[in-house]
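Source file: data-v7.cif (mmCIF, C-alpha atoms)
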```cif
data_coords
loop_
_atom_site.label_atom_id
_atom_site.label_comp_id
_atom_site.auth_asym_id
_atom_site.auth_seq_id
_atom_site.Cartn_x
_atom_site.Cartn_y
_atom_site.Cartn_z
CA MET B 1 0.00 0.00 0.00
CA LEU B 2 2.88 2.34 0.84
CA ASP B 3 4.43 1.63 -2.58
CA LEU B 4 1.17 2.65 -4.28
CA PHE B 5 1.00 5.86 -2.24
CA ILE B 6 4.61 6.78 -3.13
CA PHE B 7 3.97 5.98 -6.81
CA LEU B 8 0.88 8.23 -6.87
CA PHE B 9 2.79 10.94 -5.01
CA ILE B 10 5.62 10.83 -7.58
CA LEU B 11 3.15 10.88 -10.47
CA SER B 12 1.26 13.79 -8.89
CA ILE B 13 4.42 15.87 -8.58
CA LEU B 14 5.30 15.38 -12.25
CA ILE B 15 1.74 16.11 -13.42
CA PHE B 16 1.35 19.13 -11.13
CA VAL B 17 4.60 20.69 -12.37
CA HIS B 18 3.58 20.10 -16.01
CA GLU B 19 0.12 21.62 -15.60
CA PHE B 20 1.50 24.46 -13.47
CA GLY B 21 3.74 25.39 -16.42
CA HIS B 22 0.66 25.84 -18.62
CA PHE B 23 -1.26 27.56 -15.82
CA ILE B 24 1.28 30.18 -14.73
CA VAL B 25 2.19 31.24 -18.28
CA ALA B 26 -1.50 31.45 -19.26
CA LYS B 27 -2.02 33.77 -16.29
CA LYS B 28 1.01 35.86 -17.27
CA MET B 29 -0.31 36.14 -20.83
CA GLY B 30 -3.67 37.42 -19.57
CA VAL B 31 -5.68 34.26 -20.27
CA ARG B 32 -8.48 33.45 -17.82
CA VAL B 33 -7.98 29.97 -16.36
CA GLU B 34 -11.29 28.34 -15.44
CA GLU B 35 -10.03 25.02 -14.01
CA PHE B 36 -6.81 23.53 -12.67
CA SER B 37 -7.32 19.82 -12.00
CA LEU B 38 -4.93 17.20 -10.71
CA GLY B 39 -6.42 13.95 -12.01
CA PHE B 40 -9.47 13.11 -14.13
CA GLY B 41 -13.04 12.02 -13.48
CA ARG B 42 -15.17 12.80 -10.43
CA LYS B 43 -13.87 15.69 -8.34
CA LEU B 44 -12.98 14.65 -4.80
CA ILE B 45 -11.89 18.07 -3.56
CA LYS B 46 -12.53 21.42 -5.19
CA ARG B 47 -12.13 25.05 -4.26
CA LYS B 48 -12.67 28.22 -6.24
CA ARG B 49 -10.31 31.16 -5.92
CA GLY B 50 -10.86 34.12 -8.22
CA ASP B 51 -11.75 32.92 -11.73
CA THR B 52 -10.19 29.48 -11.24
CA GLU B 53 -11.56 26.30 -9.71
CA TYR B 54 -8.81 24.11 -8.25
CA SER B 55 -9.59 20.41 -7.85
CA ILE B 56 -8.23 16.94 -7.13
CA SER B 57 -10.07 14.26 -9.10
CA ALA B 58 -10.58 10.53 -8.64
CA ILE B 59 -8.26 9.17 -11.36
CA PRO B 60 -4.71 10.38 -10.52
CA LEU B 61 -3.15 9.48 -13.88
CA GLY B 62 -3.09 12.94 -15.43
CA GLY B 63 -4.39 16.46 -15.05
CA TYR B 64 -5.52 19.44 -17.05
CA VAL B 65 -5.78 23.21 -17.19
CA LYS B 66 -9.03 24.51 -18.70
CA MET B 67 -8.61 27.98 -20.17
CA ALA B 68 -11.42 30.27 -21.30
CA GLY B 69 -12.02 29.93 -25.04
CA ASP B 70 -9.39 27.22 -25.52
CA ASN B 71 -11.44 25.48 -28.20
CA LEU B 72 -13.18 27.08 -31.15
CA ASP B 73 -16.60 25.80 -30.12
CA GLU B 74 -16.51 27.93 -26.93
CA TYR B 75 -14.48 30.86 -28.21
CA LYS B 76 -16.44 34.15 -28.05
CA GLY B 77 -13.68 36.62 -28.96
CA LYS B 78 -13.18 38.06 -25.45
CA PRO B 79 -9.68 39.49 -24.75
CA ASP B 80 -9.01 37.08 -21.86
CA GLU B 81 -9.67 33.96 -23.95
CA TYR B 82 -6.98 31.61 -25.20
CA PHE B 83 -7.74 32.03 -28.93
CA SER B 84 -7.67 35.82 -28.55
CA LYS B 85 -3.92 35.65 -27.97
CA ALA B 86 -1.35 35.72 -30.76
CA PRO B 87 0.17 32.36 -31.85
CA GLY B 88 3.48 33.33 -30.23
CA LYS B 89 1.87 33.75 -26.81
CA ARG B 90 -0.10 30.53 -27.19
CA PHE B 91 3.14 28.74 -28.07
CA TRP B 92 4.65 29.70 -24.71
CA ILE B 93 1.51 28.61 -22.85
CA ILE B 94 1.78 25.17 -24.49
CA PHE B 95 5.57 24.83 -24.38
CA CYS B 96 6.04 25.76 -20.71
CA GLY B 97 4.34 22.56 -19.50
CA PRO B 98 7.06 20.28 -20.95
CA LEU B 99 9.71 22.92 -20.18
CA LEU B 100 8.96 22.79 -16.44
CA ASN B 101 9.13 18.98 -16.53
CA TYR B 102 12.53 19.29 -18.17
CA LEU B 103 13.72 21.76 -15.51
CA LEU B 104 12.35 19.51 -12.74
CA GLY B 105 14.43 16.63 -14.13
CA ILE B 106 17.53 18.85 -13.95
CA ILE B 107 16.70 19.80 -10.33
CA PHE B 108 16.36 16.14 -9.31
CA LEU B 109 19.69 15.29 -10.94
CA TRP B 110 21.32 18.31 -9.30
CA ALA B 111 20.07 17.05 -5.90
CA ILE B 112 21.59 13.62 -6.57
CA PHE B 113 25.01 15.04 -7.48
CA PHE B 114 24.94 17.48 -4.55
CA ILE B 115 23.64 15.12 -1.82
CA GLY B 116 25.92 12.31 -2.93
CA TYR B 117 25.33 8.97 -4.59
CA PRO B 118 26.91 5.50 -4.42
CA THR B 119 28.86 4.19 -7.39
CA PHE B 120 31.27 1.38 -8.19
CA THR B 121 35.01 1.91 -8.56
CA THR B 122 36.92 0.12 -11.32
CA ARG B 123 38.48 -2.41 -8.94
CA VAL B 124 37.87 -5.92 -10.30
CA GLY B 125 35.53 -7.93 -8.06
CA SER B 126 34.93 -10.95 -10.29
CA LEU B 127 35.75 -12.34 -13.74
CA VAL B 128 33.47 -14.12 -16.21
CA GLU B 129 34.63 -17.26 -18.00
CA GLY B 130 34.90 -16.94 -21.78
CA PHE B 131 35.33 -13.14 -21.78
CA GLY B 132 38.39 -11.10 -22.65
CA ALA B 133 39.42 -9.89 -19.18
CA LYS B 134 40.04 -13.38 -17.78
CA GLU B 135 41.71 -14.53 -20.98
CA ALA B 136 44.06 -11.51 -20.79
CA GLY B 137 45.15 -12.44 -17.25
CA LEU B 138 43.32 -9.88 -15.11
CA LYS B 139 42.84 -10.88 -11.47
CA VAL B 140 40.38 -10.06 -8.71
CA GLY B 141 41.71 -6.99 -6.88
CA ASP B 142 43.23 -5.37 -9.98
CA LYS B 143 42.16 -1.78 -10.59
CA ILE B 144 41.52 -0.53 -14.14
CA THR B 145 42.81 3.06 -14.34
CA ALA B 146 42.62 3.80 -18.09
CA VAL B 147 41.11 2.53 -21.35
CA ASP B 148 43.09 3.27 -24.52
CA GLY B 149 44.95 5.98 -22.60
CA LYS B 150 41.81 7.66 -21.23
CA SER B 151 41.66 7.74 -17.42
CA VAL B 152 38.71 6.09 -15.68
CA TYR B 153 37.89 6.15 -11.97
CA TYR B 154 34.36 4.79 -11.81
CA VAL B 155 32.42 2.01 -13.56
CA ASP B 156 30.06 4.38 -15.43
CA GLU B 157 33.09 6.06 -17.05
CA LEU B 158 34.48 2.65 -18.01
CA GLN B 159 31.14 1.44 -19.37
CA LYS B 160 30.67 4.47 -21.61
CA ILE B 161 33.81 3.44 -23.49
CA ILE B 162 33.43 -0.35 -23.40
CA PHE B 163 29.70 -0.47 -24.25
CA SER B 164 30.36 1.33 -27.54
CA LYS B 165 32.88 -1.30 -28.70
CA LYS B 166 31.96 -4.06 -31.12
CA GLU B 167 32.46 -7.82 -30.99
CA LYS B 168 36.09 -8.97 -31.56
CA SER B 169 37.53 -5.46 -31.23
CA SER B 170 40.16 -4.87 -28.53
CA VAL B 171 41.04 -2.18 -25.99
CA GLU B 172 44.25 -1.46 -24.15
CA LEU B 173 43.68 -1.35 -20.40
CA THR B 174 46.03 0.27 -17.91
CA VAL B 175 45.78 -1.83 -14.77
CA LEU B 176 47.11 -1.29 -11.26
CA ARG B 177 48.15 -4.46 -9.42
CA GLU B 178 49.86 -4.20 -6.02
CA ASN B 179 50.52 -0.51 -6.80
CA LYS B 180 52.36 -1.40 -10.02
CA PRO B 181 50.82 -0.28 -13.34
CA PHE B 182 50.91 -2.35 -16.51
CA ASN B 183 49.14 -2.36 -19.87
CA VAL B 184 47.23 -5.28 -21.33
CA LEU B 185 45.23 -5.81 -24.53
CA VAL B 186 41.72 -7.16 -23.86
CA ARG B 187 39.31 -8.58 -26.43
CA ILE B 188 35.73 -7.28 -26.43
CA LYS B 189 32.79 -9.65 -26.47
CA GLU B 190 29.21 -8.46 -26.97
CA ARG B 191 26.48 -9.26 -24.49
CA GLU B 192 22.74 -8.45 -24.57
CA LEU B 193 21.46 -6.06 -21.91
CA GLU B 194 18.37 -3.91 -21.49
CA ASP B 195 18.77 -0.53 -23.15
CA VAL B 196 19.41 2.37 -20.75
CA THR B 197 16.05 3.83 -21.80
CA GLY B 198 14.36 0.61 -20.64
CA GLY B 199 12.85 -2.53 -22.06
CA GLN B 200 14.56 -3.22 -25.39
CA LYS B 201 17.54 -5.57 -25.31
CA ARG B 202 20.63 -4.51 -27.27
CA ALA B 203 24.16 -5.83 -27.73
CA TYR B 204 26.86 -3.96 -25.79
CA GLY B 205 30.59 -4.50 -25.61
CA HIS B 206 31.83 -6.28 -22.46
CA LEU B 207 35.12 -7.12 -20.80
CA GLY B 208 33.63 -9.85 -18.58
CA VAL B 209 34.41 -8.05 -15.32
CA GLY B 210 32.25 -7.63 -12.21
CA PHE B 211 32.72 -4.79 -9.72
CA ASN B 212 31.83 -4.71 -6.02
CA GLU B 213 33.79 -1.84 -4.43
CA ILE B 214 31.36 1.03 -3.73
CA VAL B 215 32.21 4.62 -2.84
CA GLU B 216 29.99 7.66 -2.34
CA ILE B 217 30.53 10.67 -4.58
CA LYS B 218 29.27 14.18 -3.95
CA HIS B 219 30.01 17.45 -5.72
CA GLY B 220 29.82 21.16 -4.96
CA PHE B 221 26.84 23.36 -5.82
CA ILE B 222 28.15 24.68 -9.15
CA LYS B 223 29.65 21.41 -10.39
CA SER B 224 26.43 19.57 -9.48
CA ALA B 225 24.48 22.05 -11.63
CA PHE B 226 26.86 21.51 -14.56
CA LEU B 227 26.75 17.71 -14.20
CA SER B 228 22.94 17.70 -13.96
CA VAL B 229 22.59 19.67 -17.20
CA ARG B 230 25.11 17.39 -18.95
CA LYS B 231 23.33 14.28 -17.69
CA THR B 232 19.99 15.69 -18.88
CA PHE B 233 21.39 16.17 -22.39
CA GLU B 234 22.73 12.61 -22.32
CA LEU B 235 19.33 11.22 -21.26
CA THR B 236 17.62 13.31 -23.93
CA GLY B 237 19.97 11.97 -26.60
CA GLU B 238 19.39 8.38 -25.49
CA THR B 239 15.61 8.91 -25.46
CA TYR B 240 15.56 10.33 -29.00
CA LYS B 241 17.81 7.49 -30.20
CA ALA B 242 15.35 5.01 -28.67
CA LEU B 243 12.41 6.78 -30.34
CA PHE B 244 14.25 6.72 -33.68
CA ARG B 245 14.88 2.97 -33.35
CA LEU B 246 11.22 2.51 -32.42
CA PHE B 247 9.81 4.45 -35.38
CA THR B 248 12.24 2.86 -37.85
CA GLY B 249 11.33 -0.65 -36.69
CA ARG B 250 14.77 -1.43 -35.24
CA SER B 251 13.25 -1.75 -31.76
CA SER B 252 10.16 -3.63 -30.67
CA MET B 253 7.34 -1.47 -29.32
CA ARG B 254 6.35 -4.36 -27.07
CA GLU B 255 9.80 -4.43 -25.46
CA SER B 256 10.50 -0.69 -25.44
CA MET B 257 7.35 0.82 -23.94
CA THR B 258 5.76 0.66 -20.52
CA GLY B 259 2.69 2.25 -18.95
CA PRO B 260 1.45 3.20 -15.47
CA LEU B 261 1.43 -0.43 -14.28
CA GLY B 262 5.02 -1.02 -15.39
CA ILE B 263 6.12 2.28 -13.84
CA PHE B 264 4.40 1.34 -10.56
CA LEU B 265 6.14 -2.04 -10.43
CA LEU B 266 9.51 -0.43 -11.16
CA THR B 267 8.86 2.24 -8.51
CA SER B 268 8.17 -0.51 -5.97
CA LYS B 269 11.59 -2.05 -6.65
CA LEU B 270 13.43 1.30 -6.57
CA ILE B 271 11.88 2.34 -3.23
CA LYS B 272 13.79 -0.53 -1.63
CA LEU B 273 17.07 0.88 -3.01
CA GLY B 274 16.65 4.27 -1.30
CA ILE B 275 15.99 7.92 -1.98
CA ILE B 276 18.78 8.38 -4.54
CA ALA B 277 17.40 5.61 -6.76
CA VAL B 278 13.91 7.14 -6.51
CA LEU B 279 15.19 10.66 -7.29
CA ASN B 280 17.07 9.33 -10.32
CA PHE B 281 13.93 7.56 -11.54
CA MET B 282 11.86 10.73 -11.03
CA ALA B 283 14.41 12.71 -13.06
CA ILE B 284 14.22 10.21 -15.93
CA LEU B 285 10.41 10.15 -15.76
CA SER B 286 10.14 13.94 -15.75
CA ILE B 287 12.48 14.34 -18.73
CA SER B 288 10.70 11.51 -20.58
CA LEU B 289 7.32 13.14 -19.89
CA ALA B 290 8.59 16.40 -21.39
CA ILE B 291 9.92 14.66 -24.51
CA PHE B 292 6.76 12.54 -24.94
CA ASN B 293 4.50 15.59 -24.66
CA LEU B 294 6.50 17.38 -27.35
CA LEU B 295 5.96 14.61 -29.89
CA PRO B 296 4.02 16.01 -32.90
CA LEU B 297 0.86 14.00 -32.19
CA PRO B 298 -2.67 15.45 -31.93
CA VAL B 299 -3.83 16.11 -28.34
CA LEU B 300 -0.22 16.25 -27.07
CA ASP B 301 1.55 19.59 -26.59
CA GLY B 302 3.74 18.89 -29.62
CA GLY B 303 0.64 18.42 -31.77
CA HIS B 304 -0.77 21.75 -30.60
CA ILE B 305 2.54 23.44 -31.47
CA ILE B 306 2.37 21.97 -34.98
CA LEU B 307 -1.17 23.36 -35.36
CA LEU B 308 0.09 26.77 -34.20
CA ALA B 309 2.80 26.64 -36.87
CA LEU B 310 0.16 25.84 -39.51
CA GLU B 311 -1.95 28.72 -38.26
CA ARG B 312 1.05 31.06 -38.49
CA ILE B 313 1.71 29.94 -42.08
CA ARG B 314 -1.96 30.13 -43.16
CA GLY B 315 -2.68 33.36 -41.29
CA LYS B 316 -5.84 31.93 -39.70
CA THR B 317 -6.96 29.14 -37.38
CA LEU B 318 -8.19 25.78 -38.59
CA SER B 319 -11.97 25.35 -38.87
CA LEU B 320 -13.91 23.88 -35.96
CA LYS B 321 -14.69 20.75 -37.99
CA VAL B 322 -11.01 20.12 -38.80
CA GLU B 323 -9.94 20.75 -35.20
CA GLU B 324 -12.54 18.29 -33.88
CA ALA B 325 -11.45 15.63 -36.40
CA ILE B 326 -7.79 16.06 -35.43
CA ASN B 327 -8.62 15.83 -31.70
CA LYS B 328 -10.66 12.66 -32.25
CA VAL B 329 -7.79 11.04 -34.14
CA GLY B 330 -5.33 12.11 -31.44
CA MET B 331 -7.51 10.84 -28.61
CA THR B 332 -7.99 7.51 -30.37
CA LEU B 333 -4.23 7.14 -30.81
CA ILE B 334 -3.49 7.97 -27.17
CA LEU B 335 -6.20 5.65 -25.80
CA SER B 336 -5.01 2.85 -28.08
CA LEU B 337 -1.47 3.38 -26.83
CA VAL B 338 -2.63 3.28 -23.20
CA VAL B 339 -4.50 -0.01 -23.81
CA PHE B 340 -1.50 -1.49 -25.62
CA VAL B 341 1.12 -0.61 -22.97
CA THR B 342 -1.18 -1.72 -20.13
CA TYR B 343 -1.82 -5.08 -21.82
CA ASN B 344 1.90 -5.34 -22.51
CA ASP B 345 2.77 -4.63 -18.85
CA ILE B 346 0.31 -7.30 -17.67
CA VAL B 347 1.72 -9.92 -20.06
CA ARG B 348 5.34 -8.98 -19.31
CA ASN B 349 4.99 -9.01 -15.52
CA PHE B 350 2.17 -11.48 -14.86
CA GLY B 351 2.06 -13.59 -18.04
CA GLU B 352 3.46 -16.75 -16.43
CA GLN B 353 1.11 -16.57 -13.42
CA ILE B 354 -1.90 -16.03 -15.70
CA ALA B 355 -0.87 -18.96 -17.91
CA LYS B 356 -0.43 -21.25 -14.87
CA PHE B 357 -3.85 -20.22 -13.52
CA PHE B 358 -5.61 -21.19 -16.77
CA ILE B 359 -3.58 -24.37 -17.25
CA LYS B 360 -4.67 -25.54 -13.82
#
```
Same coordinates, now as structure tokens:
Amino acid sequence: MLDLFIFLFILSILIFVHEFGHFIVAKKMGVRVEEFSLGFGRKLIKRKRGDTEYSISAIPLGGYVKMAGDNLDEYKGKPDEYFSKAPGKRFWIIFCGPLLNYLLGIIFLWAIFFIGYPTFTTRVGSLVEGFGAKEAGLKVGDKITAVDGKSVYYVDELQKIIFSKKEKSSVELTVLRENKPFNVLVRIKERELEDVTGGQKRAYGHLGVGFNEIVEIKHGFIKSAFLSVRKTFELTGETYKALFRLFTGRSSMRESMTGPLGIFLLTSKLIKLGIIAVLNFMAILSISLAIFNLLPLPVLDGGHIILLALERIRGKTLSLKVEEAINKVGMTLILSLVVFVTYNDIVRNFGEQIAKFFIK
């Protein structure tokens, strides 16, 4: 029960920040906001302040900001309505939802770097039979200090280099044994692992080394800010690479995507690992939410931005009939995606139990 509460709390933070981005910029642009809701469906709590009704609704898997005149059917031409504002102003109202999610991801990462986080050193803890490290004569207790002349101190630095290598290629390791350095050539062997963006299995280069020495790293205020921005760009790049593989058919949608159920199950596991693991997951979720919302699909923020661009080019808004048709298509796509990922999560996580139940 506690896991469910924490999951809903995490989701609520991400949704609130996203919707607050739309809300605060709409207010700044002089648009009257009629509703700010956290969740969908029946309203459990509501309170009106000024022109806006604030509410918490029964289904906590989303939220919305209802602005005056934000669809053509309701638009009356009043100056405080959404469609009365220039396309440029409406762009910022739409864009600032994902932008705040992006900034929240950076803040979470900054907190991790500043508070301190555990990581593995490059001291060899175990060796895998049939892989290059053991064949090259490495021993438990050796410390890898450089790869092809580039210094490495922690496992993530080592992995960035090794993971990019292909089968049968080799790297020169600088190794420290009993305080004496030496160089050794190690053959790379590929091994399938889950992609860093989750789900899809891909082949990565491996040395065949396990690590078990853990140290805690923490950085100063300024360096933490720099590292958090750099890490955000890295996560963004990996996410777009994953999306490219998905849309080009190089990755399986079934393996690459997860929904609320899958996120809940993963949250439950990460809670047991501590606050740093949860903060890291929240950062990835927040950045992913920003990127997903900016996809050029109807109903999503990215789709609305595309429509704004068309309006700017045409010099006028789309007709009510066209807008309704686009929204229906977008809603159908999103609902279909929700059904697909939920079914996929059930099969992936409970498929064996369900099969055993019916076989009995």
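Atom CA of Gly105 of chain B is positioned 21.2 Å from atom CA of Lys272 of chain B.
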| field | Selection near Ala26 of chain B, 9 Å with only C-alpha atoms, sequence-local residues under 4 positions removed, as a PyMOL selection string | value | chain B and resi 21-22+30-33+67+82+89-90+92-94
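We find atom CA of Ile15 of chain B and atom CA of Ile222 of chain B to be spaced 28.1 Å apart.
Non-sequential neighbours of Gly62 of chain B (distance at most 8 Å, separation of 3 or more positions within a chain, all atoms listed in the file) are Ser12, Ile15, Leu38, Gly39, Phe40 and Ile59 of chain B.
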| field | Result set of the PyMOL selection byres ((chain B and resi 123) around 10) on the coordinates above, as a ChimeraX atom specification | value | /B:120-122,124-126,139-145,153-155,175-177,209-214
| Matched chain/residue IDs from the PyMOL selection byres ((chain B and resi 111) around 12), as a VMD selection string | chain B and resid 104 to 110 112 to 117 218 to 229 275 to 280 282 to 283
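Of note, atom CA of Leu270 of chain B and atom CA of Leu335 of chain B are spaced 27.8 Å apart.
Here the PyMOL selection byres ((chain B and resi 45) around 12) matches the residues Phe36, Ser37, Leu38, Gly39, Phe40, Gly41, Arg42, Lys43, Leu44, Lys46, Arg47, Lys48, Glu53, Tyr54, Ser55, Ile56, Ser57 and Ala58 of chain B.
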Surrounding residues of segment 303-320 of chain B excluding itself and chain neighbours under 5 positions, 12 Å, only C-alpha atoms, as a compact mmCIF listing (two decimals) with C-alpha atoms, keeping the file's coordinate frame:
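part_6.txt, written as the output of this step:
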```txt
# COMPACT_ATOMS: atom_id res chain seq x y z
CA ASP B 70 -9.39 27.22 -25.52
CA ASN B 71 -11.44 25.48 -28.20
CA LEU B 72 -13.18 27.08 -31.15
CA ASP B 73 -16.60 25.80 -30.12
CA GLU B 74 -16.51 27.93 -26.93
CA TYR B 75 -14.48 30.86 -28.21
CA PHE B 83 -7.74 32.03 -28.93
CA SER B 84 -7.67 35.82 -28.55
CA LYS B 85 -3.92 35.65 -27.97
CA ALA B 86 -1.35 35.72 -30.76
CA PRO B 87 0.17 32.36 -31.85
CA GLY B 88 3.48 33.33 -30.23
CA LYS B 89 1.87 33.75 -26.81
CA ARG B 90 -0.10 30.53 -27.19
CA PHE B 91 3.14 28.74 -28.07
CA TRP B 92 4.65 29.70 -24.71
CA ILE B 93 1.51 28.61 -22.85
CA ILE B 94 1.78 25.17 -24.49
CA PHE B 95 5.57 24.83 -24.38
CA CYS B 96 6.04 25.76 -20.71
CA PRO B 98 7.06 20.28 -20.95
CA PHE B 292 6.76 12.54 -24.94
CA ASN B 293 4.50 15.59 -24.66
CA LEU B 294 6.50 17.38 -27.35
CA LEU B 295 5.96 14.61 -29.89
CA PRO B 296 4.02 16.01 -32.90
CA LEU B 297 0.86 14.00 -32.19
CA PRO B 298 -2.67 15.45 -31.93
CA ALA B 325 -11.45 15.63 -36.40
CA ILE B 326 -7.79 16.06 -35.43
CA ASN B 327 -8.62 15.83 -31.70
CA VAL B 329 -7.79 11.04 -34.14
CA GLY B 330 -5.33 12.11 -31.44
CA MET B 331 -7.51 10.84 -28.61
```
| request: List the neighbours of Phe281 of chain B out to 12 Å using all atoms listed in the file; skip same-chain residues closer than 6 positions along the sequence, and give me the result as number ranges by chain. | output: B: 7, 10-11, 14, 105, 108-109, 112, 196-198, 235, 263-264, 266-271, 273-275, 287-288
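The smallest atom-to-atom distance between Gly149 of chain B and any of B:Lys168, B:Lys134, B:Leu185, B:Phe163, using all atoms listed in the file, is found for B:Leu185.
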| field | Residues near Ala146 of chain B, cut-off 8 Å, all atoms listed in the file, skip fewer than 5 positions along chain, as a list in words | value | Ser151, Val152, Leu173, Thr174 and Val175 of chain B
